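Engineer: Got a structure for you, model39.cif, holding mmCIF, N, CA and C atoms and all ligand atoms.
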data_target
loop_
_atom_site.label_atom_id
_atom_site.label_comp_id
_atom_site.auth_asym_id
_atom_site.auth_seq_id
_atom_site.Cartn_x
_atom_site.Cartn_y
_atom_site.Cartn_z
N MET A 1 9.03 15.95 -6.89
CA MET A 1 8.98 15.98 -8.36
C MET A 1 7.86 15.11 -8.89
N ILE A 2 7.16 15.64 -9.90
CA ILE A 2 6.09 14.87 -10.54
C ILE A 2 6.64 14.26 -11.83
N ASN A 3 6.31 13.00 -12.06
CA ASN A 3 6.73 12.32 -13.28
C ASN A 3 5.57 12.38 -14.29
N ASP A 4 5.82 13.04 -15.43
CA ASP A 4 4.76 13.28 -16.42
C ASP A 4 4.17 11.99 -17.00
N ASN A 5 4.92 10.90 -16.92
CA ASN A 5 4.44 9.64 -17.49
C ASN A 5 3.78 8.74 -16.45
N CYS A 6 3.57 9.29 -15.26
CA CYS A 6 3.09 8.44 -14.17
C CYS A 6 1.64 8.76 -13.81
N ILE A 7 0.78 7.77 -13.95
CA ILE A 7 -0.66 7.97 -13.69
C ILE A 7 -0.93 8.35 -12.23
N PHE A 8 -0.19 7.75 -11.29
CA PHE A 8 -0.44 8.06 -9.88
C PHE A 8 0.08 9.45 -9.51
N CYS A 9 1.11 9.95 -10.20
CA CYS A 9 1.51 11.35 -10.00
C CYS A 9 0.36 12.26 -10.39
N LYS A 10 -0.27 11.93 -11.53
CA LYS A 10 -1.37 12.78 -12.03
C LYS A 10 -2.56 12.71 -11.08
N ILE A 11 -2.89 11.53 -10.60
CA ILE A 11 -4.03 11.40 -9.68
C ILE A 11 -3.71 12.08 -8.35
N ALA A 12 -2.52 11.80 -7.81
CA ALA A 12 -2.16 12.34 -6.48
C ALA A 12 -2.18 13.87 -6.49
N ASN A 13 -1.78 14.45 -7.62
CA ASN A 13 -1.69 15.92 -7.70
C ASN A 13 -2.92 16.57 -8.34
N GLY A 14 -3.97 15.78 -8.55
CA GLY A 14 -5.25 16.34 -8.98
C GLY A 14 -5.33 16.67 -10.46
N VAL A 15 -4.36 16.21 -11.26
CA VAL A 15 -4.41 16.44 -12.71
C VAL A 15 -5.48 15.54 -13.32
N ILE A 16 -5.61 14.34 -12.77
CA ILE A 16 -6.70 13.42 -13.14
C ILE A 16 -7.59 13.28 -11.90
N SER A 17 -8.91 13.33 -12.11
CA SER A 17 -9.79 13.27 -10.95
C SER A 17 -9.89 11.85 -10.40
N SER A 18 -10.25 11.77 -9.14
CA SER A 18 -10.34 10.47 -8.47
C SER A 18 -11.37 10.58 -7.36
N ASN A 19 -11.75 9.43 -6.82
CA ASN A 19 -12.62 9.42 -5.64
C ASN A 19 -11.73 9.59 -4.41
N THR A 20 -11.56 10.85 -4.02
CA THR A 20 -10.62 11.17 -2.94
C THR A 20 -11.28 11.04 -1.57
N LEU A 21 -10.60 10.32 -0.68
CA LEU A 21 -11.09 10.17 0.70
C LEU A 21 -10.41 11.15 1.64
N TYR A 22 -9.20 11.54 1.27
CA TYR A 22 -8.40 12.40 2.16
C TYR A 22 -7.30 13.05 1.33
N GLU A 23 -6.95 14.29 1.70
CA GLU A 23 -5.82 14.95 1.01
C GLU A 23 -5.12 15.88 1.99
N ASP A 24 -3.80 15.91 1.94
CA ASP A 24 -3.03 16.93 2.65
C ASP A 24 -1.87 17.34 1.75
N GLU A 25 -0.89 18.06 2.28
CA GLU A 25 0.17 18.57 1.39
C GLU A 25 1.07 17.47 0.82
N ASP A 26 1.12 16.33 1.49
CA ASP A 26 2.00 15.23 1.05
C ASP A 26 1.29 14.09 0.35
N PHE A 27 0.00 13.89 0.64
CA PHE A 27 -0.70 12.67 0.20
C PHE A 27 -2.09 12.93 -0.35
N ARG A 28 -2.55 11.97 -1.17
CA ARG A 28 -3.97 11.85 -1.49
C ARG A 28 -4.33 10.39 -1.26
N VAL A 29 -5.48 10.15 -0.65
CA VAL A 29 -5.98 8.79 -0.46
C VAL A 29 -7.20 8.63 -1.35
N ILE A 30 -7.17 7.61 -2.21
CA ILE A 30 -8.25 7.45 -3.21
C ILE A 30 -8.84 6.04 -3.15
N LEU A 31 -10.05 5.91 -3.67
CA LEU A 31 -10.61 4.57 -3.81
C LEU A 31 -9.95 3.87 -4.99
N ASP A 32 -9.60 2.60 -4.81
CA ASP A 32 -9.02 1.78 -5.88
C ASP A 32 -10.11 1.48 -6.92
N LEU A 33 -9.75 1.57 -8.20
CA LEU A 33 -10.73 1.32 -9.28
C LEU A 33 -11.03 -0.17 -9.47
N GLY A 34 -10.17 -1.01 -8.95
CA GLY A 34 -10.41 -2.47 -9.04
C GLY A 34 -10.34 -3.08 -7.64
N PRO A 35 -11.28 -2.68 -6.79
CA PRO A 35 -11.17 -3.02 -5.36
C PRO A 35 -11.25 -4.51 -5.05
N ALA A 36 -10.42 -4.93 -4.10
CA ALA A 36 -10.49 -6.31 -3.60
C ALA A 36 -11.74 -6.48 -2.74
N THR A 37 -12.08 -5.43 -2.00
CA THR A 37 -13.28 -5.45 -1.14
C THR A 37 -13.90 -4.05 -1.17
N LYS A 38 -15.07 -3.92 -0.57
CA LYS A 38 -15.73 -2.61 -0.51
C LYS A 38 -14.91 -1.65 0.34
N GLY A 39 -14.47 -0.55 -0.27
CA GLY A 39 -13.71 0.46 0.46
C GLY A 39 -12.21 0.39 0.22
N HIS A 40 -11.74 -0.61 -0.53
CA HIS A 40 -10.31 -0.73 -0.86
C HIS A 40 -9.78 0.62 -1.37
N ALA A 41 -8.78 1.15 -0.69
CA ALA A 41 -8.26 2.48 -1.01
C ALA A 41 -6.75 2.44 -1.14
N LEU A 42 -6.19 3.51 -1.67
CA LEU A 42 -4.75 3.61 -1.88
C LEU A 42 -4.22 4.91 -1.29
N ILE A 43 -3.12 4.83 -0.56
CA ILE A 43 -2.42 6.03 -0.11
C ILE A 43 -1.38 6.37 -1.16
N LEU A 44 -1.48 7.54 -1.76
CA LEU A 44 -0.52 7.97 -2.78
C LEU A 44 0.25 9.20 -2.29
N PRO A 45 1.56 9.11 -2.16
CA PRO A 45 2.34 10.34 -1.93
C PRO A 45 2.26 11.23 -3.18
N LYS A 46 2.28 12.54 -2.98
CA LYS A 46 2.20 13.45 -4.14
C LYS A 46 3.52 13.50 -4.90
N GLU A 47 4.60 13.28 -4.18
CA GLU A 47 5.92 13.30 -4.83
C GLU A 47 6.21 11.92 -5.42
N HIS A 48 6.76 11.89 -6.64
CA HIS A 48 7.02 10.60 -7.28
C HIS A 48 8.18 9.87 -6.64
N ALA A 49 7.97 8.60 -6.33
CA ALA A 49 9.03 7.66 -5.98
C ALA A 49 8.48 6.32 -6.43
N ALA A 50 9.33 5.48 -7.03
CA ALA A 50 8.82 4.26 -7.64
C ALA A 50 8.36 3.24 -6.60
N ASN A 51 9.05 3.20 -5.48
CA ASN A 51 8.80 2.10 -4.54
C ASN A 51 9.40 2.41 -3.17
N LEU A 52 9.31 1.44 -2.29
CA LEU A 52 9.79 1.58 -0.91
C LEU A 52 11.26 1.98 -0.84
N TYR A 53 12.06 1.45 -1.77
CA TYR A 53 13.50 1.73 -1.76
C TYR A 53 13.78 3.21 -2.05
N GLU A 54 12.85 3.86 -2.73
CA GLU A 54 13.09 5.23 -3.19
C GLU A 54 12.45 6.31 -2.33
N ILE A 55 11.50 5.95 -1.48
CA ILE A 55 10.83 7.01 -0.71
C ILE A 55 11.73 7.53 0.41
N SER A 56 11.50 8.77 0.79
CA SER A 56 12.27 9.37 1.88
C SER A 56 11.81 8.80 3.22
N ASP A 57 12.64 8.94 4.23
CA ASP A 57 12.25 8.49 5.58
C ASP A 57 11.01 9.26 6.05
N ASP A 58 10.94 10.53 5.67
CA ASP A 58 9.80 11.36 6.07
C ASP A 58 8.49 10.78 5.51
N ILE A 59 8.48 10.47 4.21
CA ILE A 59 7.28 9.91 3.59
C ILE A 59 6.99 8.52 4.14
N ALA A 60 8.05 7.75 4.38
CA ALA A 60 7.85 6.40 4.93
C ALA A 60 7.12 6.46 6.27
N SER A 61 7.57 7.34 7.14
CA SER A 61 6.94 7.39 8.47
C SER A 61 5.55 8.01 8.39
N LYS A 62 5.39 9.03 7.55
CA LYS A 62 4.05 9.64 7.43
C LYS A 62 3.05 8.67 6.80
N THR A 63 3.52 7.81 5.90
CA THR A 63 2.61 6.83 5.28
C THR A 63 2.01 5.91 6.34
N MET A 64 2.82 5.45 7.26
CA MET A 64 2.31 4.53 8.28
C MET A 64 1.35 5.24 9.24
N LEU A 65 1.67 6.49 9.56
CA LEU A 65 0.76 7.25 10.44
C LEU A 65 -0.59 7.48 9.76
N LEU A 66 -0.53 7.77 8.45
CA LEU A 66 -1.77 7.99 7.71
C LEU A 66 -2.56 6.68 7.57
N ALA A 67 -1.85 5.59 7.35
CA ALA A 67 -2.51 4.28 7.26
C ALA A 67 -3.25 3.98 8.56
N LYS A 68 -2.62 4.29 9.67
CA LYS A 68 -3.23 4.04 10.98
C LYS A 68 -4.51 4.88 11.14
N LYS A 69 -4.40 6.15 10.75
CA LYS A 69 -5.54 7.06 10.86
C LYS A 69 -6.69 6.61 9.94
N MET A 70 -6.37 6.28 8.68
CA MET A 70 -7.39 5.87 7.72
C MET A 70 -8.04 4.55 8.15
N ALA A 71 -7.23 3.62 8.66
CA ALA A 71 -7.77 2.31 9.09
C ALA A 71 -8.80 2.51 10.20
N ALA A 72 -8.50 3.41 11.12
CA ALA A 72 -9.43 3.66 12.23
C ALA A 72 -10.74 4.26 11.71
N ILE A 73 -10.63 5.27 10.85
CA ILE A 73 -11.83 5.93 10.32
C ILE A 73 -12.65 4.95 9.47
N MET A 74 -11.96 4.23 8.57
CA MET A 74 -12.66 3.33 7.66
C MET A 74 -13.33 2.17 8.41
N THR A 75 -12.65 1.66 9.44
CA THR A 75 -13.22 0.56 10.22
C THR A 75 -14.49 1.03 10.93
N ASP A 76 -14.44 2.25 11.42
CA ASP A 76 -15.61 2.82 12.09
C ASP A 76 -16.77 3.01 11.11
N ARG A 77 -16.47 3.63 9.96
CA ARG A 77 -17.54 3.99 9.01
C ARG A 77 -18.08 2.78 8.25
N LEU A 78 -17.18 1.83 7.94
CA LEU A 78 -17.60 0.70 7.11
C LEU A 78 -18.00 -0.52 7.94
N ASP A 79 -17.70 -0.46 9.22
CA ASP A 79 -18.02 -1.57 10.12
C ASP A 79 -17.40 -2.88 9.61
N CYS A 80 -16.15 -2.79 9.15
CA CYS A 80 -15.48 -4.00 8.66
C CYS A 80 -14.97 -4.83 9.84
N ASP A 81 -14.60 -6.08 9.54
CA ASP A 81 -14.21 -7.01 10.61
C ASP A 81 -12.70 -7.15 10.77
N GLY A 82 -11.95 -6.62 9.81
CA GLY A 82 -10.49 -6.70 9.84
C GLY A 82 -9.93 -5.75 8.80
N PHE A 83 -8.62 -5.69 8.70
CA PHE A 83 -8.02 -4.69 7.81
C PHE A 83 -6.64 -5.17 7.37
N ASN A 84 -6.38 -5.16 6.06
CA ASN A 84 -5.03 -5.46 5.55
C ASN A 84 -4.37 -4.19 5.05
N LEU A 85 -3.10 -4.01 5.41
CA LEU A 85 -2.24 -3.04 4.75
C LEU A 85 -1.35 -3.84 3.81
N VAL A 86 -1.34 -3.48 2.53
CA VAL A 86 -0.53 -4.22 1.55
C VAL A 86 0.30 -3.21 0.78
N GLN A 87 1.55 -3.55 0.55
CA GLN A 87 2.44 -2.61 -0.14
C GLN A 87 3.41 -3.42 -0.99
N ASN A 88 3.23 -3.36 -2.31
CA ASN A 88 4.00 -4.19 -3.24
C ASN A 88 5.17 -3.41 -3.85
N ASN A 89 6.32 -4.07 -3.98
CA ASN A 89 7.50 -3.43 -4.57
C ASN A 89 8.11 -4.32 -5.63
N GLY A 90 8.03 -3.88 -6.89
CA GLY A 90 8.60 -4.64 -7.99
C GLY A 90 7.58 -5.61 -8.57
N GLU A 91 7.77 -5.89 -9.87
CA GLU A 91 6.85 -6.79 -10.58
C GLU A 91 6.72 -8.14 -9.90
N ALA A 92 7.86 -8.67 -9.42
CA ALA A 92 7.85 -10.00 -8.81
C ALA A 92 6.97 -10.03 -7.57
N ALA A 93 6.79 -8.86 -6.96
CA ALA A 93 5.97 -8.77 -5.74
C ALA A 93 4.55 -8.32 -6.06
N GLY A 94 4.23 -8.21 -7.35
CA GLY A 94 2.86 -7.86 -7.73
C GLY A 94 2.60 -6.39 -7.97
N GLN A 95 3.68 -5.57 -7.95
CA GLN A 95 3.47 -4.13 -8.21
C GLN A 95 3.18 -3.91 -9.68
N THR A 96 2.08 -3.21 -9.97
CA THR A 96 1.71 -2.95 -11.37
C THR A 96 1.82 -1.47 -11.72
N VAL A 97 1.71 -0.60 -10.72
CA VAL A 97 1.88 0.84 -10.97
C VAL A 97 3.14 1.28 -10.22
N MET A 98 4.11 1.77 -10.96
CA MET A 98 5.44 2.00 -10.39
C MET A 98 5.57 3.39 -9.75
N HIS A 99 4.62 3.69 -8.90
CA HIS A 99 4.63 4.87 -8.04
C HIS A 99 4.25 4.34 -6.66
N PHE A 100 5.12 4.52 -5.69
CA PHE A 100 4.87 3.96 -4.36
C PHE A 100 3.43 4.20 -3.90
N HIS A 101 2.81 3.17 -3.38
CA HIS A 101 1.47 3.32 -2.81
C HIS A 101 1.25 2.23 -1.76
N MET A 102 0.36 2.52 -0.84
CA MET A 102 -0.03 1.51 0.15
C MET A 102 -1.51 1.23 0.01
N HIS A 103 -1.84 -0.07 -0.05
CA HIS A 103 -3.25 -0.48 -0.13
C HIS A 103 -3.86 -0.51 1.27
N LEU A 104 -5.06 0.05 1.37
CA LEU A 104 -5.86 -0.03 2.60
C LEU A 104 -7.04 -0.92 2.27
N ILE A 105 -7.06 -2.13 2.82
CA ILE A 105 -8.09 -3.10 2.41
C ILE A 105 -8.95 -3.53 3.60
N PRO A 106 -10.17 -2.96 3.67
CA PRO A 106 -11.09 -3.40 4.71
C PRO A 106 -11.47 -4.86 4.46
N ARG A 107 -11.56 -5.64 5.52
CA ARG A 107 -11.93 -7.05 5.35
C ARG A 107 -13.23 -7.34 6.10
N TYR A 108 -14.02 -8.17 5.46
CA TYR A 108 -15.33 -8.53 6.01
C TYR A 108 -15.39 -10.05 6.11
N LYS A 109 -16.01 -10.53 7.17
CA LYS A 109 -16.18 -11.99 7.30
C LYS A 109 -16.79 -12.50 6.01
N ASP A 110 -16.21 -13.59 5.47
CA ASP A 110 -16.74 -14.21 4.25
C ASP A 110 -16.72 -13.27 3.05
N ASP A 111 -15.71 -12.39 2.94
CA ASP A 111 -15.65 -11.51 1.76
C ASP A 111 -15.07 -12.21 0.54
N GLY A 112 -14.64 -13.45 0.72
CA GLY A 112 -14.19 -14.25 -0.43
C GLY A 112 -12.80 -13.91 -0.93
N GLN A 113 -12.13 -12.98 -0.26
CA GLN A 113 -10.77 -12.62 -0.69
C GLN A 113 -9.75 -13.46 0.07
N ASN A 114 -8.54 -13.55 -0.49
CA ASN A 114 -7.50 -14.34 0.15
C ASN A 114 -6.16 -13.66 -0.07
N ILE A 115 -5.84 -12.74 0.83
CA ILE A 115 -4.59 -11.98 0.66
C ILE A 115 -3.54 -12.63 1.55
N LEU A 116 -3.33 -13.92 1.33
CA LEU A 116 -2.40 -14.69 2.15
C LEU A 116 -1.43 -15.43 1.25
N TRP A 117 -0.47 -16.12 1.85
CA TRP A 117 0.48 -16.90 1.07
C TRP A 117 0.41 -18.35 1.49
N VAL A 118 1.03 -19.22 0.67
CA VAL A 118 1.10 -20.64 1.01
C VAL A 118 2.36 -20.83 1.85
N PRO A 119 2.24 -21.23 3.11
CA PRO A 119 3.43 -21.38 3.95
C PRO A 119 4.29 -22.56 3.48
N SER A 120 5.61 -22.41 3.56
CA SER A 120 6.52 -23.52 3.26
C SER A 120 7.04 -24.09 4.57
N LYS A 121 7.87 -25.15 4.49
CA LYS A 121 8.35 -25.79 5.72
C LYS A 121 9.87 -25.92 5.70
N PRO A 122 10.58 -24.81 5.88
CA PRO A 122 12.04 -24.87 5.82
C PRO A 122 12.62 -25.62 7.02
N SER A 123 13.80 -26.26 6.78
CA SER A 123 14.51 -26.90 7.90
C SER A 123 15.18 -25.81 8.72
N GLN A 124 15.65 -26.17 9.92
CA GLN A 124 16.38 -25.20 10.76
C GLN A 124 17.63 -24.72 10.02
N GLU A 125 18.27 -25.63 9.26
CA GLU A 125 19.48 -25.27 8.49
C GLU A 125 19.16 -24.19 7.44
N GLU A 126 18.05 -24.38 6.76
CA GLU A 126 17.63 -23.39 5.75
C GLU A 126 17.31 -22.04 6.40
N LEU A 127 16.68 -22.10 7.56
CA LEU A 127 16.36 -20.85 8.27
C LEU A 127 17.64 -20.13 8.68
N GLU A 128 18.62 -20.91 9.17
CA GLU A 128 19.89 -20.30 9.59
C GLU A 128 20.64 -19.72 8.40
N ASP A 129 20.60 -20.44 7.30
CA ASP A 129 21.23 -19.99 6.06
C ASP A 129 20.71 -18.61 5.65
N ILE A 130 19.40 -18.50 5.62
CA ILE A 130 18.79 -17.25 5.17
C ILE A 130 19.01 -16.15 6.20
N LYS A 131 18.98 -16.52 7.48
CA LYS A 131 19.26 -15.54 8.54
C LYS A 131 20.67 -14.97 8.36
N ASN A 132 21.63 -15.87 8.11
CA ASN A 132 23.02 -15.42 7.98
C ASN A 132 23.24 -14.55 6.74
N LYS A 133 22.45 -14.81 5.70
CA LYS A 133 22.51 -13.96 4.49
C LYS A 133 22.04 -12.56 4.81
N ILE A 134 21.00 -12.48 5.61
CA ILE A 134 20.39 -11.17 5.90
C ILE A 134 21.21 -10.37 6.89
N ILE A 135 21.65 -11.02 7.96
CA ILE A 135 22.36 -10.26 8.99
C ILE A 135 23.87 -10.21 8.77
N LYS A 136 24.41 -11.09 7.93
CA LYS A 136 25.86 -11.14 7.62
C LYS A 136 26.73 -10.97 8.83
P1 LIG B 201 -0.21 -2.65 -7.27
O1 LIG B 201 -0.53 -3.97 -7.90
O2 LIG B 201 0.75 -1.84 -8.10
O3 LIG B 201 0.23 -2.78 -5.84
O4 LIG B 201 -1.58 -1.89 -7.18
C1 LIG B 201 -2.06 -1.04 -8.16
C2 LIG B 201 -3.51 -0.76 -7.82
O5 LIG B 201 -3.90 0.41 -8.48
C3 LIG B 201 -4.47 -1.87 -8.25
O6 LIG B 201 -5.22 -2.30 -7.12
C4 LIG B 201 -5.36 -1.20 -9.30
O7 LIG B 201 -6.70 -1.62 -9.22
C5 LIG B 201 -5.21 0.27 -8.96
N1 LIG B 201 -5.30 1.19 -10.09
C6 LIG B 201 -4.63 1.10 -11.26
N2 LIG B 201 -4.90 2.17 -12.03
C7 LIG B 201 -5.75 2.96 -11.31
C8 LIG B 201 -6.38 4.20 -11.58
O8 LIG B 201 -6.24 4.81 -12.65
N3 LIG B 201 -7.19 4.71 -10.60
C9 LIG B 201 -7.39 4.07 -9.41
N4 LIG B 201 -8.18 4.65 -8.52
N5 LIG B 201 -6.81 2.88 -9.13
C10 LIG B 201 -6.01 2.33 -10.07
ZN ZN B 202 4.48 9.00 -9.92
#
Before we go any further, please render this structure as structure tokens.
Structural biologist:
Amino acid sequence: MINDNCIFCKIANGVISSNTLYEDEDFRVILDLGPATKGHALILPKEHAANLYEISDDIASKTMLLAKKMAAIMTDRLDCDGFNLVQNNGEAAGQTVMHFHMHLIPRYKDDGQNILWVPSKPSQEELEDIKNKIIK
């Protein structure tokens, strides 16, 4: 299903034009308009789902296979030195467009980007606490 109010539905389904790198029956891969680095691209499923919690298992597995394929091609063509896959879910996690997408971010030595986090130093007790919450 396409959501009429969703910009990525329109781009993925060709209603709005984009710099397309790849397309098949399930996906369109486009260049990001505000790239973190040269070649920063987005994998967009054609079917609307807001986030990871909503996508089907089929789309979830195909997304990772496509990411693997695109990373190999882009690394070869762009001669980048590394590659980040980034996938944000919810405002708190930095998601700004509420249509599931995966970022493909080629990385270059000294590209000036920092897609990392500040590590904390939990005690063993805190680690066990959180582990027990997750695995119950
Ligand atoms: P998010 O923060 O939701 O994970 O990522 C949204 C991404 O979509 C951002 O990197 C932003 O630059 C990109 N973006 C937002 N609107 C458009 C658009 O209309 N076209 C393209 N190509 N990228 C967009
Ligand atoms: Zn959508």
Engineer: Around ligand ZN 202 (chain B), which protein and nucleic acid residues have at least one atom no more than 6.5 Å from it, if we count all atoms listed in the file? List them as a list in words.
Structural biologist: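 Result of the 6.5 Å neighbour search around ligand ZN 202 (chain B): Ile2, Asn3, Cys6, Ile7, Phe8, Cys9, Lys10, Glu47, His48, Ala49, Met98, His99 and Phe100 of chain A.
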Engineer: Limited to N, CA and C atoms, could you put the picked residues into a file as a short mmCIF file (atom, residue, chain, number, x, y, z; two decimals), keeping the file's coordinate frame?
Structural biologist:
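File written: result.cif
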data_model
loop_
_atom_site.label_atom_id
_atom_site.label_comp_id
_atom_site.auth_asym_id
_atom_site.auth_seq_id
_atom_site.Cartn_x
_atom_site.Cartn_y
_atom_site.Cartn_z
N ILE A 2 7.16 15.64 -9.90
CA ILE A 2 6.09 14.87 -10.54
C ILE A 2 6.64 14.26 -11.83
N ASN A 3 6.31 13.00 -12.06
CA ASN A 3 6.73 12.32 -13.28
C ASN A 3 5.57 12.38 -14.29
N CYS A 6 3.57 9.29 -15.26
CA CYS A 6 3.09 8.44 -14.17
C CYS A 6 1.64 8.76 -13.81
N ILE A 7 0.78 7.77 -13.95
CA ILE A 7 -0.66 7.97 -13.69
C ILE A 7 -0.93 8.35 -12.23
N PHE A 8 -0.19 7.75 -11.29
CA PHE A 8 -0.44 8.06 -9.88
C PHE A 8 0.08 9.45 -9.51
N CYS A 9 1.11 9.95 -10.20
CA CYS A 9 1.51 11.35 -10.00
C CYS A 9 0.36 12.26 -10.39
N LYS A 10 -0.27 11.93 -11.53
CA LYS A 10 -1.37 12.78 -12.03
C LYS A 10 -2.56 12.71 -11.08
N GLU A 47 4.60 13.28 -4.18
CA GLU A 47 5.92 13.30 -4.83
C GLU A 47 6.21 11.92 -5.42
N HIS A 48 6.76 11.89 -6.64
CA HIS A 48 7.02 10.60 -7.28
C HIS A 48 8.18 9.87 -6.64
N ALA A 49 7.97 8.60 -6.33
CA ALA A 49 9.03 7.66 -5.98
C ALA A 49 8.48 6.32 -6.43
N MET A 98 4.11 1.77 -10.96
CA MET A 98 5.44 2.00 -10.39
C MET A 98 5.57 3.39 -9.75
N HIS A 99 4.62 3.69 -8.90
CA HIS A 99 4.63 4.87 -8.04
C HIS A 99 4.25 4.34 -6.66
N PHE A 100 5.12 4.52 -5.69
CA PHE A 100 4.87 3.96 -4.36
C PHE A 100 3.43 4.20 -3.90
#
Engineer: Could you go through region 64-125 of chain A and tell me which residues DSSP, when run on the backbone, assigns to strand (DSSP E or B), listing them as JSON, numbers by chain?
Structural biologist: {"A": [82, 83, 84, 85, 86, 102, 103, 104, 105, 106, 107]}
Engineer: Would you list the residues that come within 9 Å of ligand LIG 201 (chain B)? Count only C-alpha atoms and all ligand atoms and give the answer as a ChimeraX atom specification.
Structural biologist: /A:7-8,11,16-20,30-36,40-42,86-91,93-103
Engineer: Skipping near chain neighbours, those fewer than 6 positions away, what residues fall within 6 Å of Asp81 (chain A) using all atoms listed in the file, listed as a PDB file with N, CA and C atoms, keeping the file's coordinate frame?
Structural biologist:
ATOM      1  N   ARG A 107     -11.560  -5.640   5.520  1.00  0.00           N
ATOM      2  CA  ARG A 107     -11.930  -7.050   5.350  1.00  0.00           C
ATOM      3  C   ARG A 107     -13.230  -7.340   6.100  1.00  0.00           C
ATOM      4  N   TYR A 108     -14.020  -8.170   5.460  1.00  0.00           N
ATOM      5  CA  TYR A 108     -15.330  -8.530   6.010  1.00  0.00           C
ATOM      6  C   TYR A 108     -15.390 -10.050   6.110  1.00  0.00           C
ATOM      7  N   LYS A 109     -16.010 -10.530   7.170  1.00  0.00           N
ATOM      8  CA  LYS A 109     -16.180 -11.990   7.300  1.00  0.00           C
ATOM      9  C   LYS A 109     -16.790 -12.500   6.010  1.00  0.00           C
TER      10      LYS A 109
END
Engineer: Please compute the CA of Asp57 (chain A)-CA of Phe83 (chain A) distance, one decimal, in Å.
Structural biologist: 24.3 Å
Engineer: In Å, with one decimal, what is the gap from atom N of Ala67 (chain A) to CA of Ile43 (chain A)?
Structural biologist: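 Rounded to one decimal, the two atoms are 7.5 Å apart.
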Engineer: If you measure from atom C of Phe27 (chain A) to CA of Ala12 (chain A), what distance in Å do you get, rounded to one decimal?
Structural biologist: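 Atom C of Phe27 (chain A) sits 6.2 Å away from CA of Ala12 (chain A).
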Engineer: Using the chain letters and numbers from this document, which residues of chain A does DSSP assign to helix (DSSP H, G or I), as a PyMOL selection string?
Structural biologist: chain A and resi 7-12+57-78+91-93+124-135
Engineer: Considering only C-alpha atoms, can you say which of A:Gly39, A:Asn13, A:Pro45, A:Pro106 comes closest to Ala60 (chain A)?
Structural biologist: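 For Ala60 (chain A), the nearest of the candidates is A:Pro45.
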